[in-house]
$ cat input-v8.pdb   # PDB, C-alpha atoms
ATOM      1  CA  MET A  99       0.000   0.000   0.000
ATOM      2  CA  VAL A 100       1.207   3.460  -0.881
ATOM      3  CA  ILE A 101       1.209   5.533   2.289
ATOM      4  CA  THR A 102       0.081   9.129   1.946
ATOM      5  CA  ALA A 103      -1.486  11.546   4.397
ATOM      6  CA  ALA A 104      -4.926  10.829   2.921
ATOM      7  CA  SER A 105      -4.487   7.052   3.075
ATOM      8  CA  THR A 106      -3.247   7.404   6.665
ATOM      9  CA  VAL A 107      -6.535   9.033   7.631
ATOM     10  CA  ASP A 108      -8.464   6.135   6.070
ATOM     11  CA  VAL A 109      -6.335   3.524   7.828
ATOM     12  CA  VAL A 110      -6.633   5.192  11.231
ATOM     13  CA  ARG A 111     -10.407   5.588  10.797
ATOM     14  CA  GLU A 112     -10.737   1.887  10.017
ATOM     15  CA  LYS A 113      -8.364   0.702  12.754
ATOM     16  CA  PHE A 114      -9.593   3.038  15.528
ATOM     17  CA  PRO A 115     -13.227   3.952  14.771
ATOM     18  CA  GLN A 116     -13.968   4.886  18.406
ATOM     19  CA  ALA A 117     -10.857   7.052  18.718
ATOM     20  CA  VAL A 118     -11.411   9.331  15.712
ATOM     21  CA  LEU A 119     -13.739  12.191  16.579
ATOM     22  CA  GLU A 120     -13.290  14.192  13.392
ATOM     23  CA  THR A 121     -11.020  14.540  10.366
ATOM     24  CA  VAL A 122     -10.227  17.737   8.498
ATOM     25  CA  GLU A 123      -8.618  18.330   5.120
ATOM     26  CA  HIS A 124      -7.411  21.854   4.437
ATOM     27  CA  ARG A 125      -5.038  22.881   1.657
ATOM     28  CA  ASP A 126      -3.991  19.268   1.155
ATOM     29  CA  GLU A 127      -3.093  18.897   4.835
ATOM     30  CA  GLN A 128      -4.752  16.154   6.863
ATOM     31  CA  THR A 129      -5.744  16.494  10.517
ATOM     32  CA  ILE A 130      -7.150  13.756  12.743
ATOM     33  CA  ILE A 131      -8.908  14.830  15.934
ATOM     34  CA  LEU A 132      -8.660  12.054  18.511
ATOM     35  CA  ASP A 133     -10.158  11.096  21.808
ATOM     36  CA  PRO A 134      -7.366  11.849  24.329
ATOM     37  CA  GLY A 135      -7.621   8.378  25.852
ATOM     38  CA  SER A 136      -6.611   6.802  22.540
ATOM     39  CA  LEU A 137      -3.727   9.136  21.740
ATOM     40  CA  VAL A 138      -0.839   6.893  22.779
ATOM     41  CA  GLU A 139      -2.255   3.790  21.084
ATOM     42  CA  VAL A 140      -2.774   5.650  17.800
ATOM     43  CA  CYS A 141       0.712   7.152  17.960
ATOM     44  CA  GLN A 142       2.241   3.711  18.553
ATOM     45  CA  PHE A 143       0.391   2.379  15.504
ATOM     46  CA  LEU A 144       1.437   5.300  13.296
ATOM     47  CA  LYS A 145       5.086   4.868  14.213
ATOM     48  CA  ALA A 146       5.259   1.060  14.047
ATOM     49  CA  GLN A 147       2.953   0.307  11.130
ATOM     50  CA  LEU A 148       2.968   3.419   8.931
ATOM     51  CA  GLN A 149       6.528   4.635   9.558
ATOM     52  CA  TYR A 150       5.677   8.024  11.065
ATOM     53  CA  ASN A 151       9.019   7.929  12.790
ATOM     54  CA  PHE A 152       9.676  11.650  13.271
ATOM     55  CA  LEU A 153       7.794  13.845  15.729
ATOM     56  CA  GLU A 154       8.189  17.361  14.313
ATOM     57  CA  THR A 155       6.606  19.241  17.197
ATOM     58  CA  VAL A 156       4.026  19.293  19.962
ATOM     59  CA  THR A 157       2.234  22.565  20.594
ATOM     60  CA  ALA A 158      -1.128  23.892  21.742
ATOM     61  CA  VAL A 159      -3.770  26.477  20.866
ATOM     62  CA  ASP A 160      -5.945  28.287  23.403
ATOM     63  CA  TRP A 161      -9.621  28.896  22.543
ATOM     64  CA  PRO A 162     -10.904  30.549  25.764
ATOM     65  CA  GLU A 163     -14.507  30.872  24.523
ATOM     66  CA  ARG A 164     -14.706  27.171  23.639
ATOM     67  CA  THR A 165     -15.162  24.029  25.698
ATOM     68  CA  PRO A 166     -12.885  22.063  25.555
ATOM     69  CA  ARG A 167     -10.617  25.084  25.707
ATOM     70  CA  PHE A 168      -7.318  23.756  24.319
ATOM     71  CA  ASP A 169      -6.112  21.946  21.222
ATOM     72  CA  VAL A 170      -2.941  19.955  21.798
ATOM     73  CA  VAL A 171      -1.344  19.534  18.372
ATOM     74  CA  TYR A 172       1.105  16.872  17.163
ATOM     75  CA  GLN A 173       2.904  17.110  13.801
ATOM     76  CA  LEU A 174       4.171  13.728  12.577
ATOM     77  CA  LEU A 175       6.409  13.097   9.584
ATOM     78  CA  SER A 176       7.057   9.853   7.731
ATOM     79  CA  ILE A 177      10.525  10.344   6.310
ATOM     80  CA  GLU A 178      10.301   7.118   4.335
ATOM     81  CA  HIS A 179       7.028   8.058   2.637
ATOM     82  CA  GLN A 180       7.578  11.838   2.560
ATOM     83  CA  CYS A 181       4.222  12.757   4.074
ATOM     84  CA  PHE A 182       3.037  14.281   7.311
ATOM     85  CA  ILE A 183      -0.097  14.076   9.402
ATOM     86  CA  ARG A 184      -1.437  16.306  12.145
ATOM     87  CA  LEU A 185      -3.091  14.925  15.267
ATOM     88  CA  LYS A 186      -5.155  16.980  17.701
ATOM     89  CA  VAL A 187      -6.716  16.268  21.053
ATOM     90  CA  ARG A 188      -9.071  18.700  22.790
ATOM     91  CA  VAL A 189      -8.955  19.171  26.559
ATOM     92  CA  GLY A 190      -9.896  21.729  29.191
ATOM     93  CA  GLN A 191     -13.309  21.957  30.797
ATOM     94  CA  ARG A 192     -14.639  25.158  32.347
ATOM     95  CA  ARG A 193     -12.570  26.330  35.315
ATOM     96  CA  GLU A 194     -10.187  23.397  34.911
ATOM     97  CA  ALA A 195      -6.859  24.869  35.956
ATOM     98  CA  HIS A 196      -4.550  22.236  34.446
ATOM     99  CA  PRO A 197      -6.083  19.935  31.809
ATOM    100  CA  GLU A 198      -4.346  16.596  31.324
ATOM    101  CA  VAL A 199      -3.416  14.531  28.290
ATOM    102  CA  PRO A 200      -1.293  11.350  28.107
ATOM    103  CA  SER A 201       2.426  11.805  27.473
ATOM    104  CA  ILE A 202       3.774  10.320  24.247
ATOM    105  CA  THR A 203       7.375  10.183  25.484
ATOM    106  CA  SER A 204       7.087   6.375  25.476
ATOM    107  CA  VAL A 205       6.587   6.563  21.691
ATOM    108  CA  TRP A 206       8.931   9.420  20.762
ATOM    109  CA  ALA A 207      11.524  10.310  23.402
ATOM    110  CA  GLY A 208      11.859  13.722  21.749
ATOM    111  CA  ALA A 209       8.389  14.645  23.030
ATOM    112  CA  ASN A 210       9.964  15.246  26.441
ATOM    113  CA  TRP A 211      10.944  18.899  25.996
ATOM    114  CA  TYR A 212       8.013  19.693  23.684
ATOM    115  CA  GLU A 213       5.590  18.574  26.389
ATOM    116  CA  ARG A 214       7.478  20.532  29.029
ATOM    117  CA  GLU A 215       7.172  23.649  26.861
ATOM    118  CA  VAL A 216       3.409  23.187  26.455
ATOM    119  CA  TYR A 217       3.061  22.619  30.200
ATOM    120  CA  ASP A 218       5.102  25.731  30.967
ATOM    121  CA  LEU A 219       3.378  28.100  28.538
ATOM    122  CA  PHE A 220      -0.199  26.722  28.522
ATOM    123  CA  GLY A 221      -0.536  24.896  31.850
ATOM    124  CA  ILE A 222      -1.503  21.571  30.238
ATOM    125  CA  THR A 223      -0.136  18.555  32.102
ATOM    126  CA  PHE A 224       1.064  15.303  30.535
ATOM    127  CA  ALA A 225       0.285  12.124  32.468
ATOM    128  CA  GLY A 226       3.247   9.773  32.543
ATOM    129  CA  HIS A 227       5.860  12.365  31.618
ATOM    130  CA  PRO A 228       9.176  11.441  33.264
ATOM    131  CA  ASP A 229      10.178  14.978  34.315
ATOM    132  CA  LEU A 230       7.317  17.454  33.924
ATOM    133  CA  ARG A 231       8.573  20.868  35.037
ATOM    134  CA  ARG A 232       8.938  24.329  33.556
ATOM    135  CA  ILE A 233      11.471  24.783  30.778
ATOM    136  CA  MET A 234      11.372  28.553  30.050
ATOM    137  CA  MET A 235       9.768  30.398  32.947
ATOM    138  CA  PRO A 236      11.186  30.337  36.500
ATOM    139  CA  GLU A 237      10.090  27.344  38.549
ATOM    140  CA  ASP A 238       8.048  29.540  40.904
ATOM    141  CA  TRP A 239       6.183  31.416  38.133
ATOM    142  CA  THR A 240       2.473  31.108  38.827
ATOM    143  CA  THR A 241       0.908  31.686  35.402
ATOM    144  CA  HIS A 242       1.191  30.460  31.784
ATOM    145  CA  PRO A 243       2.203  33.123  29.231
ATOM    146  CA  LEU A 244       0.637  31.667  26.048
ATOM    147  CA  ARG A 245      -2.865  31.480  27.466
ATOM    148  CA  LYS A 246      -5.079  34.079  25.806
ATOM    149  CA  ASP A 247      -6.047  35.619  29.161
ATOM    150  CA  TYR A 248      -2.412  36.437  29.965
ATOM    151  CA  PRO A 249      -1.841  40.242  29.741
ATOM    152  CA  ILE A 250      -0.067  41.058  26.487
ATOM    153  CA  SER A 251       2.270  43.522  28.184
ATOM    154  CA  GLY A 252       3.320  41.097  30.909
ATOM    155  CA  PHE A 253       3.309  41.910  34.601
ATOM    156  CA  GLU A 254       4.657  44.991  36.313
ATOM    157  CA  LEU A 255       7.779  44.459  38.386
ATOM    158  CA  PRO A 256       9.477  47.179  40.438
ATOM    159  CA  GLU A 257      12.200  49.153  38.687
ATOM    160  CA  PRO A 258      14.904  48.668  37.527
ATOM    161  CA  HIS A 259      13.273  45.478  36.191
ATOM    162  CA  TRP A 260      11.852  47.408  33.250
ATOM    163  CA  GLY A 261       9.372  45.571  31.026
ATOM    164  CA  GLY A 262       9.071  42.656  33.430
ATOM    165  CA  GLN A 263      12.622  41.437  32.874
ATOM    166  CA  VAL A 264      14.238  40.071  36.031
ATOM    167  CA  PRO A 265      18.056  39.888  36.271
ATOM    168  CA  TYR A 266      19.464  36.401  36.729
ATOM    169  CA  ASN A 267      20.924  37.320  40.116
ATOM    170  CA  VAL A 268      17.500  38.237  41.530
ATOM    171  CA  ASP A 269      14.986  35.735  42.872
ATOM    172  CA  PRO A 270      11.629  36.705  41.250
ATOM    173  CA  GLY A 271       9.497  34.731  43.687
ATOM    174  CA  VAL A 272      10.050  36.325  47.063
ATOM    175  CA  GLY A 273       7.278  37.761  49.176
ATOM    176  CA  ASP A 274       4.668  40.284  48.150
ATOM    177  CA  TYR A 275       7.216  42.336  46.193
ATOM    178  CA  TYR A 276       7.120  40.079  43.149
ATOM    179  CA  GLN A 277       3.467  39.088  42.820
ATOM    180  CA  GLN A 278       2.918  37.476  39.430
ATOM    181  CA  SER A 279      -0.847  37.068  39.165
ATOM    182  CA  LEU A 280      -2.914  40.198  38.805
ATOM    183  CA  ARG A 281      -6.047  38.012  38.806
ATOM    184  CA  SER A 282      -5.623  36.971  42.417
ATOM    185  CA  SER A 283      -6.704  39.051  45.367
ATOM    186  CA  GLU A 284      -3.065  39.259  46.440
ATOM    187  CA  GLY A 285      -1.772  40.365  43.036
ATOM    188  CA  ARG A 286      -0.097  43.702  42.389
ATOM    189  CA  GLN A 287      -2.177  46.097  40.338
ATOM    190  CA  PHE A 288      -1.072  45.975  36.708
ATOM    191  CA  ASN A 289      -0.006  49.265  35.157
ATOM    192  CA  GLU A 290      -1.095  48.587  31.558
ATOM    193  CA  GLY A 291      -0.129  52.041  30.307
ATOM    194  CA  ARG A 292       3.313  51.932  31.954
ATOM    195  CA  THR A 293       2.645  55.453  33.241
ATOM    196  CA  GLN A 294       4.807  54.854  36.288
ATOM    197  CA  VAL A 295       7.893  53.926  34.311
ATOM    198  CA  ASN A 296      10.794  56.340  34.594
ATOM    199  CA  PRO A 297      11.763  57.023  30.942
ATOM    200  CA  GLY A 298      15.364  57.516  32.031
ATOM    201  CA  GLN A 299      15.509  54.077  33.602
ATOM    202  CA  GLU A 300      15.149  51.746  30.658
ATOM    203  CA  PRO A 301      17.757  49.001  30.228
ATOM    204  CA  GLY A 302      21.237  50.439  29.786
ATOM    205  CA  THR A 303      20.176  54.028  30.498
ATOM    206  CA  LEU A 304      20.954  54.214  34.222
ATOM    207  CA  PRO A 305      23.817  56.663  34.808
ATOM    208  CA  THR A 306      27.003  55.202  36.155
ATOM    209  CA  THR A 307      28.630  56.515  39.324
ATOM    210  CA  GLU A 308      31.208  58.401  37.248
ATOM    211  CA  GLU A 309      28.499  60.034  35.083
ATOM    212  CA  ALA A 310      26.483  61.051  38.110
TER     213      ALA A 310
END
$ encode --input "input-v8.pdb" --output "structure tokens"
Amino acid sequence: MVITAASTVDVVREKFPQAVLETVEHRDEQTIILDPGSLVEVCQFLKAQLQYNFLETVTAVDWPERTPRFDVVYQLLSIEHQCFIRLKVRVGQRREAHPEVPSITSVWAGANWYEREVYDLFGITFAGHPDLRRIMMPEDWTTHPLRKDYPISGFELPEPHWGGQVPYNVDPGVGDYYQQSLRSSEGRQFNEGRTQVNPGQEPGTLPTTEEA
């Protein structure tokens, strides 16, 4: 059998009829939307039987007005057959702080850091991941920057940490001084217009002792 993206959709539909919730073809690209509980089994089949041996990426999309809120997206490439397929699972019920999907690190070891990135930036957890922790933000950061309800200008930190950038030699998680969630009752009020910023105190503009 000649394996193409379109034939892959047909094979997966036939092999896993209960797992496939929907399929989408757009601009010659094929997407299979799966039940999260069947994700690992389908991935194992795609790798072992259809030679989708390269996991290009794992990412997510936030749809805050929709339930389930998140798409977790997997791009798979068959190097041997020169075709790729996209898998999606949808998770996140209303007021669910950290939706969960199964980890696929048992299928592709390279999913490890991809899943950590999605966890860090979207707050989606991966059951069975061997080392699920933040990969970009500090360990004590309390929010997830790629969620659509995250303020586009970041959070206000006291100067000289202009623009929310914290020097490496400063602990950003101490006490009330570095509150990170403006949506909690304890959060610092966010200064969206940056009206309190000293224009002479942007990075690199502080006068040295000699200049002063």
$ resolve_selection --input "input-v8.pdb" --expression "the PyMOL selection byres ((chain A and resi 219-226) around 8)" --output "ChimeraX atom specification"
/A:158,160,195-201,213,215-218,227-228,230,241-245
$ resolve_selection --input "input-v8.pdb" --expression "the PyMOL selection byres ((chain A and resi 128-138) around 8)" --output "list in words"
Ala103, Ala104, Val107, Ala117, Val118, Leu119, Glu120, Thr121, Val122, Glu123, His124, Asp126, Glu127, Glu139, Val140, Cys141, Gln142, Ile183, Arg184, Leu185, Lys186, Val187, Arg188, Val189, Val199, Pro200, Ser201, Ile202 and Val205 of chain A
$ atom_distance --input "input-v8.pdb" --atom1 "atom CA of Arg167 of chain A" --atom2 "atom CA of Leu144 of chain A"
26.3 Å
$ closest_residue --input "input-v8.pdb" --among "A:Asn210, A:Ser105, A:Thr240, A:Ser204" --to "Lys145 of chain A" --atoms "all atoms listed in the file"
A:Ser204
$ atom_distance --input "input-v8.pdb" --atom1 "atom CA of Ile250 of chain A" --atom2 "atom CA of Gln191 of chain A"
23.6 Å
$ closest_residue --input "input-v8.pdb" --among "A:Met234, A:Ala209, A:Leu148, A:Met99" --to "Glu178 of chain A" --atoms "all atoms listed in the file"
A:Leu148
$ atom_distance --input "input-v8.pdb" --atom1 "atom CA of Gly208 of chain A" --atom2 "atom CA of Glu237 of chain A"
21.7 Å
$ axis_aligned_box --input "input-v8.pdb" --around "segment 197-207 of chain A" --padding-each-side "5 Å" --output "JSON"
{"center_x": 2.7, "center_y": 13.2, "center_z": 26.3, "size_x": 27.6, "size_y": 23.6, "size_z": 21.0}
$ resolve_selection --input "input-v8.pdb" --expression "the PyMOL selection byres ((chain A and resi 152) around 10)" --output "PyMOL selection string"
chain A and resi 145+149-151+153-155+173-177+182+206+208
$ write_last_selection --input "input-v8.pdb" --atoms "C-alpha atoms" --output "PDB file, in the frame of the given file"
ATOM      1  CA  LYS A 145       5.086   4.868  14.213  1.00  0.00           C
ATOM      2  CA  GLN A 149       6.528   4.635   9.558  1.00  0.00           C
ATOM      3  CA  TYR A 150       5.677   8.024  11.065  1.00  0.00           C
ATOM      4  CA  ASN A 151       9.019   7.929  12.790  1.00  0.00           C
ATOM      5  CA  LEU A 153       7.794  13.845  15.729  1.00  0.00           C
ATOM      6  CA  GLU A 154       8.189  17.361  14.313  1.00  0.00           C
ATOM      7  CA  THR A 155       6.606  19.241  17.197  1.00  0.00           C
ATOM      8  CA  GLN A 173       2.904  17.110  13.801  1.00  0.00           C
ATOM      9  CA  LEU A 174       4.171  13.728  12.577  1.00  0.00           C
ATOM     10  CA  LEU A 175       6.409  13.097   9.584  1.00  0.00           C
ATOM     11  CA  SER A 176       7.057   9.853   7.731  1.00  0.00           C
ATOM     12  CA  ILE A 177      10.525  10.344   6.310  1.00  0.00           C
ATOM     13  CA  PHE A 182       3.037  14.281   7.311  1.00  0.00           C
ATOM     14  CA  TRP A 206       8.931   9.420  20.762  1.00  0.00           C
ATOM     15  CA  GLY A 208      11.859  13.722  21.749  1.00  0.00           C
TER      16      GLY A 208
END
$ closest_residue --input "input-v8.pdb" --among "A:Tyr212, A:Glu194, A:Ile101, A:Thr203" --to "Val156 of chain A" --atoms "all atoms listed in the file"
A:Tyr212
